[in-house]
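Text of the file input.txt, holding compact mmCIF, C-alpha atoms:
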```
# COMPACT_ATOMS: atom_id res chain seq x y z
CA MET O 1 91.75 113.88 93.88
CA ASN O 2 94.00 114.58 96.81
CA THR O 3 97.50 115.30 95.46
CA THR O 4 99.04 113.83 98.62
CA GLN O 5 98.02 110.35 97.51
CA LYS O 6 101.17 108.73 96.15
CA ILE O 7 101.51 105.64 93.98
CA LEU O 8 104.68 103.56 93.75
CA VAL O 9 104.87 101.89 90.32
CA VAL O 10 107.13 98.83 90.14
CA ASP O 11 107.74 97.47 86.61
CA ASP O 12 110.97 96.50 84.85
CA ASP O 13 109.51 97.70 81.53
CA GLU O 14 110.31 101.40 81.65
CA SER O 15 107.86 102.32 78.90
CA ILE O 16 104.96 100.64 80.73
CA ALA O 17 105.97 102.23 84.04
CA GLU O 18 106.12 105.66 82.40
CA LEU O 19 102.72 105.10 80.78
CA ILE O 20 101.14 104.12 84.12
CA CYS O 21 102.64 107.18 85.79
CA LEU O 22 101.32 109.38 83.01
CA TYR O 23 97.78 108.01 83.42
CA LEU O 24 97.89 108.46 87.19
CA GLU O 25 99.39 111.93 87.11
CA LYS O 26 96.51 113.04 84.87
CA GLU O 27 94.28 112.07 87.81
CA LEU O 28 96.48 114.21 90.10
CA PHE O 29 98.21 111.34 91.89
CA GLY O 30 101.84 111.66 92.84
CA THR O 31 103.94 108.85 91.32
CA LYS O 32 107.35 107.27 91.57
CA MET O 33 108.60 104.39 89.44
CA VAL O 34 111.24 101.76 90.14
CA HIS O 35 112.28 98.81 88.04
CA ASP O 36 113.20 95.89 90.32
CA GLY O 37 112.03 94.31 93.56
CA GLU O 38 115.00 95.20 95.75
CA GLU O 39 114.77 98.86 94.74
CA ALA O 40 111.02 98.81 95.42
CA LEU O 41 111.58 97.70 99.01
CA ARG O 42 114.25 100.35 99.55
CA VAL O 43 112.16 103.16 98.07
CA PHE O 44 108.95 102.09 99.84
CA ASP O 45 110.12 103.22 103.28
CA SER O 46 111.32 106.65 102.15
CA TYR O 47 108.51 107.39 99.66
CA GLN O 48 105.70 106.07 101.90
CA PRO O 49 103.18 105.50 99.09
CA ASP O 50 99.43 105.18 99.59
CA LEU O 51 99.29 102.30 97.09
CA VAL O 52 101.74 100.09 95.17
CA ILE O 53 101.25 98.89 91.59
CA LEU O 54 103.48 95.83 91.38
CA ASP O 55 104.47 93.84 88.30
CA LEU O 56 104.94 90.13 88.92
CA MET O 57 107.75 89.42 86.48
CA LEU O 58 110.65 91.39 87.92
CA PRO O 59 114.39 90.66 87.70
CA GLY O 60 115.84 89.15 90.86
CA MET O 61 113.13 89.33 93.52
CA ASP O 62 109.80 88.73 91.78
CA GLY O 63 106.51 90.47 92.53
CA TYR O 64 105.26 87.65 94.76
CA GLN O 65 108.29 88.01 97.03
CA VAL O 66 108.01 91.79 97.06
CA CYS O 67 104.32 91.60 98.01
CA ARG O 68 105.12 89.21 100.84
CA GLU O 69 107.85 91.52 102.15
CA LEU O 70 105.65 94.61 101.93
CA HIS O 71 102.79 92.99 103.84
CA SER O 72 105.14 91.80 106.55
CA LYS O 73 105.68 95.43 107.53
CA SER O 74 102.79 97.45 106.10
CA ARG O 75 99.08 97.38 105.27
CA VAL O 76 99.44 99.68 102.25
CA PRO O 77 97.29 98.19 99.44
CA VAL O 78 98.93 96.44 96.49
CA ILE O 79 97.60 96.02 92.95
CA MET O 80 99.42 93.30 91.06
CA LEU O 81 100.09 93.76 87.35
CA SER O 82 100.90 90.82 85.07
CA ALA O 83 100.70 89.41 81.58
CA LYS O 84 99.71 86.13 83.25
CA GLY O 85 95.94 85.76 83.24
CA GLU O 86 95.60 82.20 84.53
CA VAL O 87 93.40 81.63 87.58
CA PHE O 88 96.33 80.09 89.47
CA ASP O 89 98.41 83.25 89.15
CA LYS O 90 95.52 85.47 90.22
CA VAL O 91 94.70 83.31 93.23
CA LEU O 92 98.33 83.13 94.30
CA GLY O 93 98.65 86.89 94.15
CA LEU O 94 95.47 87.38 96.16
CA GLU O 95 96.57 84.78 98.70
CA LEU O 96 99.68 86.86 99.34
CA GLY O 97 97.53 89.84 100.20
CA ALA O 98 97.18 91.72 96.91
CA ASP O 99 94.06 93.90 96.82
CA ASP O 100 93.50 93.55 93.07
CA TYR O 101 95.03 91.95 89.97
CA ILE O 102 95.23 93.63 86.55
CA ILE O 103 96.18 91.76 83.37
CA LYS O 104 98.37 93.32 80.68
CA PRO O 105 97.58 94.85 78.26
CA PHE O 106 95.27 97.07 80.27
CA ASP O 107 92.98 100.00 79.52
CA ASN O 108 94.09 103.26 81.13
CA LYS O 109 90.56 104.03 82.34
CA GLU O 110 90.24 100.60 83.95
CA LEU O 111 93.63 101.00 85.64
CA THR O 112 92.80 104.37 87.17
CA ALA O 113 89.30 103.20 88.15
CA ARG O 114 90.73 100.22 90.01
CA VAL O 115 93.35 102.36 91.74
CA LYS O 116 90.63 104.72 92.94
CA ALA O 117 88.40 101.82 94.04
CA VAL O 118 91.17 100.18 96.09
CA LEU O 119 92.08 103.51 97.70
CA ARG O 120 88.41 104.16 98.55
CA ARG O 121 88.10 100.77 100.23
CA TYR O 122 91.35 101.25 102.10
CA GLN O 123 90.48 104.78 103.20
CA SER O 124 86.99 103.76 104.27
CA PHE O 125 88.34 100.85 106.27
CA SER O 126 90.98 103.05 107.91
CA GLU O 127 88.36 105.65 108.88
CA ASP O 128 86.04 103.01 110.33
CA GLU O 129 88.93 101.54 112.27
CA ALA O 130 89.84 104.93 113.72
CA LEU O 131 86.32 105.28 115.12
CA GLU O 132 86.87 102.31 117.40
CA ARG O 133 89.60 101.99 119.98
CA GLU O 134 89.89 98.29 119.43
CA LYS O 135 88.33 95.69 117.18
CA LEU O 136 88.80 92.38 118.92
CA VAL O 137 87.00 89.05 118.98
CA THR O 138 88.02 86.28 121.33
CA TYR O 139 87.08 82.65 121.77
CA LYS O 140 88.68 79.82 123.67
CA ASP O 141 92.32 79.62 122.48
CA LEU O 142 91.71 82.21 119.73
CA SER O 143 92.03 85.99 119.57
CA VAL O 144 91.60 88.07 116.41
CA ASN O 145 92.52 91.75 116.73
CA LEU O 146 91.70 93.92 113.72
CA SER O 147 93.11 97.06 115.34
CA ASN O 148 96.68 95.84 115.17
CA TYR O 149 96.15 92.99 112.66
CA SER O 150 97.19 90.17 114.94
CA VAL O 151 95.93 86.64 115.54
CA THR O 152 96.90 84.45 118.46
CA LEU O 153 96.11 80.76 118.79
CA ARG O 154 96.73 79.08 122.13
CA GLY O 155 98.89 82.04 123.07
CA GLU O 156 101.07 81.89 119.95
CA HIS O 157 101.13 84.53 117.20
CA ILE O 158 99.87 83.31 113.81
CA ASP O 159 101.13 85.07 110.68
CA MET O 160 98.33 85.98 108.25
CA PRO O 161 98.07 88.21 105.18
CA PRO O 162 95.61 91.10 105.70
CA LYS O 163 92.76 89.62 103.66
CA GLU O 164 92.88 86.30 105.55
CA LEU O 165 92.77 88.11 108.86
CA GLU O 166 89.92 90.39 107.74
CA LEU O 167 87.94 87.37 106.56
CA LEU O 168 88.49 85.53 109.84
CA TYR O 169 87.51 88.61 111.85
CA PHE O 170 84.38 89.18 109.77
CA LEU O 171 83.20 85.58 110.21
CA ALA O 172 84.13 85.39 113.90
CA SER O 173 82.35 88.68 114.60
CA SER O 174 79.03 87.05 113.66
CA PRO O 175 79.14 83.56 115.18
CA ASN O 176 76.83 80.96 113.59
CA GLN O 177 75.67 83.40 110.90
CA VAL O 178 75.83 81.98 107.38
CA PHE O 179 77.39 84.14 104.66
CA THR O 180 77.35 83.41 100.95
CA ARG O 181 80.59 83.62 99.02
CA GLU O 182 79.24 86.69 97.25
CA GLN O 183 78.54 88.41 100.59
CA LEU O 184 82.06 87.64 101.76
CA LEU O 185 83.54 89.00 98.53
CA ASP O 186 81.49 92.18 98.91
CA ASN O 187 82.44 92.74 102.55
CA ILE O 188 86.13 91.81 102.41
CA TRP O 189 87.19 92.67 98.87
CA GLY O 190 84.59 95.34 98.09
CA TYR O 191 81.47 95.43 95.94
CA ASP O 192 83.45 96.57 92.87
CA TYR O 193 86.10 93.85 93.22
CA VAL O 194 86.65 92.03 89.93
CA GLY O 195 87.15 88.40 90.84
CA ASP O 196 85.36 85.11 91.42
CA THR O 197 84.09 83.21 94.43
CA ARG O 198 87.01 80.79 94.32
CA THR O 199 89.01 83.54 96.02
CA VAL O 200 86.89 83.00 99.15
CA ASP O 201 87.36 79.23 99.04
CA VAL O 202 91.14 79.58 98.80
CA HIS O 203 91.29 81.98 101.74
CA VAL O 204 89.07 79.75 103.89
CA LYS O 205 91.30 76.78 103.06
CA ARG O 206 94.36 78.74 104.18
CA LEU O 207 92.64 79.83 107.39
CA ARG O 208 91.75 76.25 108.25
CA GLU O 209 95.35 75.17 107.68
CA LYS O 210 96.58 77.84 110.09
CA ILE O 211 94.06 77.74 112.93
CA HIS O 212 92.72 74.17 112.56
CA GLU O 213 89.46 73.21 114.21
CA ASN O 214 88.54 73.49 117.85
CA ASP O 215 85.95 71.69 119.96
CA ASP O 216 84.33 75.06 120.70
CA TRP O 217 84.52 76.72 117.26
CA ASN O 218 85.38 76.13 113.62
CA ILE O 219 84.91 77.59 110.15
CA ALA O 220 82.09 75.45 108.80
CA THR O 221 81.07 74.96 105.18
CA VAL O 222 77.35 75.36 104.51
CA TRP O 223 77.04 73.33 101.34
CA GLY O 224 75.57 75.17 98.39
CA ILE O 225 75.61 78.48 100.25
CA GLY O 226 78.90 79.54 101.83
CA TYR O 227 80.54 79.59 105.25
CA LYS O 228 79.97 80.40 108.90
CA PHE O 229 82.04 80.64 112.06
CA GLU O 230 80.36 77.87 114.01
CA VAL O 231 80.38 78.16 117.77
CA SER O 232 79.10 75.44 120.06
CA GLU O 233 76.11 76.52 122.16
```
Could you express the structure from this file as structure tokens?
Amino acid sequence: MNTTQKILVVDDDESIAELICLYLEKELFGTKMVHDGEEALRVFDSYQPDLVILDLMLPGMDGYQVCRELHSKSRVPVIMLSAKGEVFDKVLGLELGADDYIIKPFDNKELTARVKAVLRRYQSFSEDEALEREKLVTYKDLSVNLSNYSVTLRGEHIDMPPKELELLYFLASSPNQVFTREQLLDNIWGYDYVGDTRTVDVHVKRLREKIHENDDWNIATVWGIGYKFEVSE
């Protein structure tokens, strides 16, 4: 494993943070641990990690807020860590742009496997992106640019977490093609993503709230199958 890959571990439980760092250092990752949200944001800029492991229950600024702040300025992947295993908590974390969600207590082999999987997906995506000067799809009133992660609707910038934007770009890049929820999970979250198809439904719902429907295009539900970016002929 490349020793230049650095992991920022954010957990207010020092013993858990130390344990995570120990596991990761055995895999030759560089690590740094902090114990609250404000410190995480300060350290992030100077440490420039390749991935952040972020506990949800932090003093002061919680993990949800930290994730939102990080994704407002960076595309570095985030794995959320929490004792909360309810579907609502998982979905909320993923909505905010987390790349994975691990429930405490966790197995050290599972933790390191998920870190490696997220880094592989991120690295692969970054390499593919570098091969193209610009990844852009445009329709009437809508522009989705994957090169600089921007969406404009009727000339106005629309804020979107990375996964929402990637999902919109993927659908819009293949107009009128139907994709199952499983296919969308595989292509956006990765084949080894541990989650359920409700993640796709939640992200589609959020996309519809932000871009609404248009006479020329819309994100259509294909009942019993999945979704498509429907474009009028």
Go through range 127-176 of chain O residue by residue and, counting only C-alpha atoms, keep those with an atom at most 9 Å from range 69-87 of chain O; for each kept residue give the shortest atom pair and its distance in Å to one decimal, ordered by chain and increasing number, as a Markdown table.
```
| residue | atom | partner | partner_atom | distance |
| --- | --- | --- | --- | --- |
| O:Asp159 | CA | O:Ser72 | CA | 8.9 |
| O:Pro161 | CA | O:His71 | CA | 6.8 |
| O:Pro162 | CA | O:Arg75 | CA | 7.2 |
```
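Rounded to one decimal, CA of Leu54 in chain O and CA of Glu27 in chain O lie 19.0 Å from each other.
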So the first atom is CA of Arg198 in chain O and the second is CA of Leu136 in chain O; what is the distance between them in Å, to one decimal place? 27.3 Å
Out of O:Ala220, O:Ala117, O:Ile158, O:Ala172, which residue has the shortest atom-to-atom distance to Asp99 in chain O when counting all atoms listed in the file? O:Ala117
Which residue, O:Val231, O:Ile211, O:Cys21, O:Val222, has the smallest gap to Leu111 in chain O when you use only C-alpha atoms? O:Cys21
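Comparing the minimum interatomic distances between Glu156 in chain O and each of O:Ile219, O:Leu142, O:Leu28, O:Leu168, counting all atoms listed in the file, we find that O:Leu142 sits nearest.
Atom pair CA of Trp217 in chain O / CA of Glu230 in chain O: separated by 5.4 Å.
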Which residue is closest to Asn176 in chain O? Choose from O:Tyr149, O:Tyr139, O:Phe29, O:Tyr227 and count only C-alpha atoms. O:Tyr227
Can you tell me, as a ChimeraX atom specification, what residues are no more than 10 Å from range 93-95 of chain O when counting all atoms listed in the file, ignoring any on the same chain fewer than 5 positions away? /O:56,63-64,67-68,78-81,87-88,100-101,160-164,195,199-200,202-203,206
Taking only residues of range 95-171 of chain O that have an atom at most 12 Å from an atom of range 11-16 of chain O, what is each one's shortest atom pair and its distance in Å to one decimal, using only C-alpha atoms, in chain and number order, as JSON lines?
```
{"residue": "O:Lys104", "atom": "CA", "partner": "O:Ile16", "partner_atom": "CA", "distance": 9.8}
{"residue": "O:Pro105", "atom": "CA", "partner": "O:Ile16", "partner_atom": "CA", "distance": 9.7}
{"residue": "O:Phe106", "atom": "CA", "partner": "O:Ile16", "partner_atom": "CA", "distance": 10.3}
{"residue": "O:Asn108", "atom": "CA", "partner": "O:Ile16", "partner_atom": "CA", "distance": 11.2}
```
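Among the candidates O:Leu185, O:Val66, O:Leu51, O:Ala113, the one nearest to Gly30 in chain O when counting only C-alpha atoms is O:Leu51.
If you measure from each of O:Asp186, O:His212, O:Gln5, O:Leu207 to Arg121 in chain O using all atoms listed in the file, the closest one turns out to be O:Asp186.
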